[in-house]
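Pasted below: query.txt, compact mmCIF, C-alpha atoms.
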```txt
# COMPACT_ATOMS: atom_id res chain seq x y z
CA MET F 1 -9.40 17.46 -4.19
CA ASP F 2 -9.09 19.72 -1.19
CA SER F 3 -12.65 20.93 -1.32
CA THR F 4 -14.24 22.35 1.77
CA ILE F 5 -16.54 19.36 1.93
CA SER F 6 -13.73 16.82 2.08
CA GLU F 7 -11.96 18.89 4.73
CA LYS F 8 -15.00 18.68 6.91
CA ALA F 9 -15.57 15.04 6.17
CA THR F 10 -12.09 13.80 6.96
CA ARG F 11 -10.82 15.99 9.74
CA THR F 12 -11.29 15.39 13.43
CA PRO F 13 -10.75 18.78 15.01
CA LEU F 14 -9.11 19.30 18.37
CA ARG F 15 -11.05 20.68 21.30
CA SER F 16 -11.14 24.45 21.41
CA THR F 17 -9.62 24.36 24.91
CA VAL F 18 -6.35 22.70 23.85
CA ILE F 19 -3.35 24.92 24.57
CA ASP F 20 -0.28 22.68 24.73
CA GLY F 21 1.14 20.41 22.03
CA LEU F 22 3.52 17.67 23.19
CA LYS F 23 5.80 15.44 21.12
CA ILE F 24 7.05 11.90 21.36
CA VAL F 25 9.21 10.48 18.59
CA VAL F 26 9.15 6.84 17.52
CA VAL F 27 12.39 5.95 15.78
CA GLY F 28 13.52 2.80 14.07
CA GLY F 29 14.66 1.27 10.82
CA PHE F 30 12.54 0.86 7.74
CA GLY F 31 9.62 -1.54 8.15
CA VAL F 32 10.06 -2.05 11.90
CA GLY F 33 6.49 -0.92 12.64
CA LYS F 34 6.72 2.78 13.52
CA THR F 35 3.57 3.71 11.61
CA THR F 36 1.82 0.59 12.89
CA LEU F 37 2.48 1.69 16.46
CA VAL F 38 1.36 5.25 15.77
CA ARG F 39 -1.81 3.98 14.08
CA SER F 40 -2.76 1.65 16.90
CA VAL F 41 -2.91 4.44 19.50
CA SER F 42 -3.72 7.51 17.41
CA GLU F 43 -7.19 9.06 17.51
CA ILE F 44 -6.78 10.04 13.88
CA ARG F 45 -5.67 8.01 10.92
CA PRO F 46 -1.91 8.64 10.71
CA LEU F 47 -1.15 11.61 8.51
CA ASN F 48 1.86 12.25 6.42
CA THR F 49 3.70 15.45 5.76
CA GLU F 50 6.93 16.69 4.35
CA GLU F 51 9.68 18.96 5.39
CA THR F 52 12.11 20.46 2.96
CA MET F 53 15.37 21.33 4.57
CA THR F 54 18.38 23.17 3.43
CA GLN F 55 21.55 22.06 5.08
CA ALA F 56 24.73 24.01 5.17
CA GLY F 57 27.73 21.84 4.39
CA LEU F 58 28.87 21.99 8.03
CA GLY F 59 29.61 18.77 9.81
CA ILE F 60 29.39 16.64 6.73
CA ASP F 61 32.48 14.63 5.96
CA HIS F 62 32.25 14.71 2.20
CA SER F 63 31.96 18.47 1.98
CA ASP F 64 33.27 18.74 -1.54
CA THR F 65 30.06 20.51 -2.42
CA ALA F 66 30.70 23.84 -0.79
CA GLY F 67 27.11 25.05 -1.18
CA LYS F 68 23.90 23.87 0.38
CA THR F 69 21.82 20.81 -0.31
CA THR F 70 18.06 20.66 -0.12
CA THR F 71 16.47 17.45 1.05
CA THR F 72 12.86 16.46 1.37
CA VAL F 73 11.87 14.13 4.17
CA ALA F 74 8.44 12.61 4.62
CA PHE F 75 7.22 11.56 8.03
CA ASP F 76 4.08 10.11 9.57
CA PHE F 77 2.34 11.30 12.68
CA GLY F 78 -0.69 10.64 14.82
CA ARG F 79 -2.19 12.28 17.85
CA ILE F 80 -3.71 11.58 21.26
CA SER F 81 -5.81 14.11 23.15
CA LEU F 82 -4.62 13.72 26.75
CA ASN F 83 -7.07 16.05 28.45
CA GLU F 84 -8.86 19.36 27.89
CA GLN F 85 -5.60 21.22 27.47
CA MET F 86 -2.90 18.82 26.28
CA VAL F 87 -2.54 17.01 22.98
CA LEU F 88 0.26 14.55 22.30
CA TYR F 89 1.68 14.11 18.80
CA LEU F 90 3.52 10.93 17.91
CA PHE F 91 6.05 11.17 15.13
CA GLY F 92 7.41 8.21 13.26
CA ALA F 93 10.94 9.21 12.33
CA PRO F 94 13.21 7.36 9.96
CA GLY F 95 16.24 6.09 11.86
CA GLN F 96 18.72 6.08 9.02
CA GLU F 97 21.87 8.02 9.32
CA ARG F 98 21.13 10.30 6.40
CA PHE F 99 18.17 11.75 8.28
CA TRP F 100 20.13 12.89 11.31
CA PHE F 101 19.48 16.56 10.53
CA LEU F 102 15.74 15.91 10.67
CA TRP F 103 16.17 14.45 14.12
CA ASP F 104 17.73 17.60 15.41
CA ARG F 105 14.61 19.47 14.48
CA LEU F 106 12.08 16.86 15.57
CA PHE F 107 13.80 16.26 18.87
CA ALA F 108 13.80 19.88 19.91
CA GLY F 109 11.23 20.04 22.68
CA THR F 110 10.41 16.35 22.50
CA LEU F 111 9.35 14.66 25.73
CA GLY F 112 11.27 11.53 24.85
CA ALA F 113 11.68 8.81 22.28
CA VAL F 114 10.76 5.20 21.68
CA VAL F 115 13.32 3.16 19.78
CA LEU F 116 11.48 0.39 18.01
CA VAL F 117 13.70 -2.62 17.38
CA ASP F 118 13.27 -5.38 14.85
CA THR F 119 14.58 -8.55 16.43
CA HIS F 120 16.06 -9.69 13.11
CA ARG F 121 17.84 -6.42 12.43
CA VAL F 122 19.08 -5.28 15.80
CA GLU F 123 22.01 -3.46 14.22
CA ASP F 124 19.56 -1.01 12.60
CA SER F 125 18.99 0.47 16.06
CA TRP F 126 22.59 1.16 17.02
CA TYR F 127 22.72 4.46 15.24
CA SER F 128 19.39 5.65 16.68
CA ILE F 129 20.44 4.83 20.22
CA ASP F 130 23.78 6.53 19.69
CA ARG F 131 22.11 9.71 18.45
CA LEU F 132 19.63 9.80 21.32
CA GLU F 133 22.37 9.39 23.90
CA HIS F 134 24.34 12.11 22.16
CA HIS F 135 21.32 14.44 22.25
CA GLY F 136 20.55 13.64 25.86
CA THR F 137 16.99 12.75 24.83
CA PRO F 138 15.45 10.28 27.30
CA PHE F 139 14.30 7.09 25.58
CA ILE F 140 13.16 3.52 26.01
CA VAL F 141 13.62 0.55 23.69
CA ALA F 142 10.68 -1.59 22.59
CA ARG F 143 11.15 -4.80 20.62
CA ASN F 144 8.34 -5.25 18.17
CA ASN F 145 7.84 -8.91 18.77
CA PHE F 146 7.55 -10.44 15.37
CA PRO F 147 7.18 -14.21 15.47
CA GLY F 148 10.46 -16.03 15.79
CA SER F 149 12.33 -13.88 18.28
CA VAL F 150 15.27 -16.02 19.26
CA HIS F 151 16.88 -13.79 21.85
CA ASP F 152 15.57 -12.99 25.26
CA LEU F 153 15.59 -9.40 26.44
CA THR F 154 18.81 -9.83 28.44
CA GLU F 155 20.63 -10.92 25.31
CA LEU F 156 19.07 -8.09 23.38
CA ARG F 157 20.23 -5.58 25.98
CA GLU F 158 23.75 -6.89 25.55
CA ALA F 159 23.52 -6.79 21.77
CA LEU F 160 22.44 -3.15 21.97
CA THR F 161 25.01 -2.37 24.70
CA LEU F 162 22.12 -0.67 26.45
CA SER F 163 22.67 0.71 29.92
CA GLU F 164 20.69 -0.89 32.77
CA ASN F 165 18.68 2.25 33.45
CA VAL F 166 17.10 2.37 29.98
CA PRO F 167 13.83 0.40 30.01
CA LEU F 168 13.62 -2.41 27.46
CA ILE F 169 10.30 -4.12 26.74
CA ASP F 170 8.54 -6.36 24.26
CA CYS F 171 5.52 -5.10 22.36
CA ASP F 172 3.13 -5.87 19.57
CA ALA F 173 2.77 -2.61 17.67
CA ARG F 174 -0.48 -3.81 16.06
CA GLU F 175 -2.21 -3.98 19.43
CA ARG F 176 -3.55 -0.78 20.89
CA GLU F 177 -3.10 -1.94 24.47
CA SER F 178 0.49 -3.00 23.85
CA SER F 179 1.38 0.27 22.12
CA LYS F 180 -0.26 2.15 24.97
CA GLN F 181 2.01 0.24 27.38
CA VAL F 182 5.03 1.34 25.32
CA LEU F 183 4.06 4.99 25.76
CA LEU F 184 3.30 4.50 29.44
CA THR F 185 6.70 2.87 29.93
CA LEU F 186 8.39 5.88 28.34
CA VAL F 187 6.45 8.45 30.36
CA ASN F 188 6.93 6.47 33.59
CA HIS F 189 10.65 6.48 32.82
CA LEU F 190 10.55 10.27 32.30
CA TYR F 191 8.59 10.63 35.51
CA ALA F 192 11.22 8.68 37.45
CA LEU F 193 14.02 10.76 35.92
CA SER F 194 12.21 13.99 36.68
CA SER F 195 11.34 12.97 40.27
CA ALA F 196 14.96 11.96 40.89
CA ARG F 197 16.14 15.32 39.60
CA GLU F 198 13.69 17.20 41.81
CA THR F 199 14.78 15.41 44.97
CA THR F 200 18.47 15.98 44.30
CA SER F 201 18.15 19.64 43.42
CA MET W 1 -2.89 7.32 2.25
CA ARG W 2 -2.48 10.55 0.37
CA ARG W 3 1.16 11.06 -0.32
CA ARG W 4 2.28 13.89 -2.48
CA ALA W 5 5.98 14.37 -3.04
CA VAL W 6 6.96 17.99 -2.87
CA ASP W 7 9.39 17.25 -5.66
CA ASN W 8 6.40 16.80 -7.95
CA GLU W 9 4.99 20.10 -6.81
CA ASP W 10 5.16 22.89 -9.33
CA PRO W 11 8.05 25.05 -8.07
CA ASP W 12 6.42 28.14 -9.53
CA ARG W 13 3.37 27.55 -7.40
CA LEU W 14 5.40 27.31 -4.20
CA TYR W 15 7.32 30.40 -5.25
CA THR W 16 4.11 32.32 -5.84
CA LEU W 17 2.59 31.16 -2.57
CA THR W 18 5.50 32.35 -0.53
CA GLY W 19 6.31 35.43 -2.57
CA GLY W 20 9.73 33.95 -3.23
CA ARG W 21 10.70 33.76 0.42
CA SER W 22 12.45 30.65 1.63
CA GLN W 23 12.39 31.35 5.35
CA ALA W 24 9.75 32.36 7.81
CA ASN W 25 10.35 35.24 10.17
CA GLU W 26 8.27 33.34 12.66
CA SER W 27 11.03 30.79 13.10
CA GLU W 28 9.92 29.81 16.59
CA LEU W 29 6.88 28.00 15.20
CA ASP W 30 7.10 24.37 16.25
CA LEU W 31 5.55 21.37 14.52
CA VAL W 32 3.06 21.20 17.41
CA THR W 33 2.36 24.92 17.78
CA LEU W 34 -1.43 25.25 17.72
CA ILE W 35 -2.84 27.79 15.31
CA VAL W 36 -6.22 29.41 15.92
CA SER W 37 -8.12 31.67 13.51
CA GLN W 38 -8.95 35.15 14.72
CA ALA W 39 -10.72 36.21 11.53
CA ASP W 40 -12.82 34.82 8.71
CA PRO W 41 -11.54 34.47 5.17
CA ILE W 42 -12.30 37.49 3.04
CA PRO W 43 -13.27 37.39 -0.64
CA GLY W 44 -10.31 37.60 -2.96
CA MET W 45 -7.89 36.27 -0.39
CA GLN W 46 -5.23 33.86 -1.65
CA SER W 47 -6.86 30.45 -1.39
CA GLU W 48 -4.23 28.96 0.94
CA TYR W 49 -4.75 31.74 3.46
CA ALA W 50 -8.50 31.20 3.25
CA LYS W 51 -8.05 27.45 3.77
CA ILE W 52 -5.86 28.03 6.82
CA LEU W 53 -8.44 30.37 8.33
CA ARG W 54 -11.19 27.81 7.76
CA ILE W 55 -9.23 24.85 9.13
CA CYS W 56 -7.98 26.77 12.18
CA ARG W 57 -11.45 27.65 13.44
CA SER W 58 -10.56 24.79 15.76
CA PRO W 59 -7.00 24.83 17.10
CA THR W 60 -4.81 22.99 14.60
CA ALA W 61 -1.19 21.97 15.00
CA LEU W 62 1.18 23.29 12.36
CA VAL W 63 2.05 19.76 11.29
CA GLU W 64 -1.61 18.86 10.73
CA LEU W 65 -2.11 22.03 8.80
CA ALA W 66 0.81 21.17 6.51
CA SER W 67 -0.59 17.71 5.97
CA GLU W 68 -4.07 19.03 5.27
CA LEU W 69 -2.82 21.65 2.81
CA GLY W 70 -0.43 19.21 1.15
CA LEU W 71 2.40 21.70 1.54
CA PRO W 72 5.84 21.36 3.12
CA VAL W 73 6.08 22.46 6.74
CA SER W 74 8.51 25.24 5.85
CA VAL W 75 6.08 26.74 3.32
CA VAL W 76 3.23 26.65 5.83
CA LYS W 77 5.43 28.45 8.35
CA ILE W 78 5.91 31.28 5.88
CA LEU W 79 2.18 31.54 5.19
CA LEU W 80 1.47 31.53 8.91
CA SER W 81 3.98 34.25 9.61
CA ASP W 82 1.97 36.50 7.28
CA LEU W 83 -1.31 35.66 9.00
CA LEU W 84 0.26 36.05 12.44
CA SER W 85 1.68 39.46 11.67
CA GLY W 86 -1.71 40.50 10.30
CA GLY W 87 -3.43 39.23 13.45
CA GLN W 88 -5.69 36.87 11.49
CA VAL W 89 -4.45 33.88 13.45
CA SER W 90 -2.92 33.41 16.88
CA ALA W 91 -0.41 30.79 18.00
CA ARG W 92 -0.50 28.67 21.14
CA HIS W 93 3.12 27.74 21.64
CA PRO W 94 4.06 24.43 23.28
CA SER W 95 5.13 24.70 26.92
CA SER W 96 8.35 22.85 25.98
CA ALA W 97 9.45 25.95 24.07
CA ARG W 98 9.36 28.01 27.27
CA ALA W 99 11.06 25.41 29.44
CA SER W 100 14.72 25.78 30.26
CA ALA W 101 15.30 22.10 31.00
CA GLN W 102 14.34 19.44 28.51
CA LEU W 103 12.69 17.24 31.09
CA PRO W 104 9.34 18.59 32.35
CA ASP W 105 8.56 18.51 36.05
CA ALA W 106 6.95 15.48 37.65
CA ALA W 107 3.55 17.13 38.10
CA PHE W 108 3.36 17.82 34.36
CA LEU W 109 4.35 14.24 33.51
CA LYS W 110 1.72 12.94 35.92
CA LYS W 111 -0.94 14.63 33.78
CA VAL W 112 0.47 12.95 30.69
CA LEU W 113 0.36 9.58 32.45
CA VAL W 114 -3.26 10.08 33.48
CA GLY W 115 -4.16 11.02 29.90
CA LEU W 116 -2.47 7.92 28.51
CA HIS W 117 -4.11 5.65 31.10
CA ASN W 118 -7.49 6.93 29.94
CA LEU W 119 -6.81 5.87 26.38
```

Would you write out, as structure tokens, the structure that this file holds?
Amino acid sequence: MDSTISEKATRTPLRSTVIDGLKIVVVGGFGVGKTTLVRSVSEIRPLNTEETMTQAGLGIDHSDTAGKTTTTVAFDFGRISLNEQMVLYLFGAPGQERFWFLWDRLFAGTLGAVVLVDTHRVEDSWYSIDRLEHHGTPFIVARNNFPGSVHDLTELREALTLSENVPLIDCDARERESSKQVLLTLVNHLYALSSARETTS
Amino acid sequence: MRRRAVDNEDPDRLYTLTGGRSQANESELDLVTLIVSQADPIPGMQSEYAKILRICRSPTALVELASELGLPVSVVKILLSDLLSGGQVSARHPSSARASAQLPDAAFLKKVLVGLHNL
């Protein structure tokens, strides 16, 4: 199946001048629209890959198994060529607790994160937000506005116990323009954080 | 979408591919490290190495390479560490790996903003 012909037919190569790969992670519960968001802004059809990880038993409560466990995690990603030299990769990461060890790896060197919230399952996001705060990874929260949202954003902010300085917006992950706004909101937030740091130091 | 569980992968094949190694020496390879071929495949080369050299004629991120080869990221890292030590590929490491602080400077982020605006 992986013939040379199909490689050429399906791949969209990067420019030869690209030197810097950047990462943004989109986290959220199952079915909240992570892949939909990635697809709507990606210049390639979202791809899927797998990482097999061996965890030492450290930090796991039920450490009755003294040895190591191997887990396979699949994740989706897309990409955006930003200019001649920079390419941005968007990773859709599962937000469930059992994947926390994957986060540690994905978040290393990540610009920031988007927490995608399903208005009907707000509680799915608590763990993600907690982890991001713990990591010190800058993030914003975007509510994927499925029909029938009953809460306004102020109520949602309270439900998420989200601090005032974390941007919270509505989006429609199916729409390219809306997903683009989500990314812009995150990077504007990073820009503000970075500018503030530069003026104080 | 093509989705191949590594669990269905023949373990013997992965073992053979990696020569039984489970960890790459080149542990600093990031998911977004860009790999570029410095040589052409040679006849008789293990087919995965040859595929990597063909794909990476244009810079290709490690994660895309893994997806394209249908192999786990960790296995691709091992294969790449061989090619890197042999000088058949080079790696363009992300600037985030060199940065001391997690947050890039404002000038860098401005470039990202411009790129996103142009989408």

What separation in Å, quoted to one decimal, exists between atom CA of W:Ser85 and atom CA of F:Val18?
-> 22.2 Å

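For the choices F:Ser40, F:Asn188, F:Asn144, F:Ser16, the atom-to-atom distance to F:Gln85 is smallest for F:Ser16 when using all atoms listed in the file.
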
Could you write out as a ChimeraX atom specification the residues of chain W within 7 Å of chain F, counting all atoms listed in the file?
-> /W:3,32-34,58-60,66-67,72-74,92-97,102-106,109,112-113,115-116

Enter the distance from atom CA of W:Glu48 to atom CA of W:Leu79, in Å, rounded to one decimal.
-> 8.1 Å

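Taking atom CA of F:Asn165 and atom CA of F:Val38 as endpoints, the distance between them is 24.9 Å.
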
For stretch 151-156 of chain F, work out the shell of residues within 12 Å, counting all atoms listed in the file and skipping chain neighbours fewer than 6 positions away, then give it as a list in words.
->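 Final neighbour list, sorted by chain and number: Val117, Asp118, Thr119, His120, Arg121, Val122, Glu123, Ser125, Trp126, Val141, Ala142, Arg143, Asn144, Asn145, Leu162, Ser163, Glu164, Pro167, Leu168, Ile169, Asp170 and Cys171 of chain F.
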
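Compared by their closest atoms to F:Leu102, and using all atoms listed in the file, the residues F:Val25, F:His189, F:Gly31, F:Val115 rank with F:Val25 nearest.
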
With 3 Å on each side, where is the centre of the axis-aligned box around all listed atoms of stretch 34-42 of chain W, and how long are its edges in Å to one decimal, as lines of an AutoDock Vina configuration file?
```
center_x = -7.1
center_y = 31.4
center_z = 10.4
size_x = 17.4
size_y = 18.2
size_z = 20.7
```

Which one is closest to F:Ser179: W:Leu119, W:Ala50, W:Leu83, W:Val76? Count only C-alpha atoms.
->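 Distance minimum relative to F:Ser179 lands on W:Leu119.
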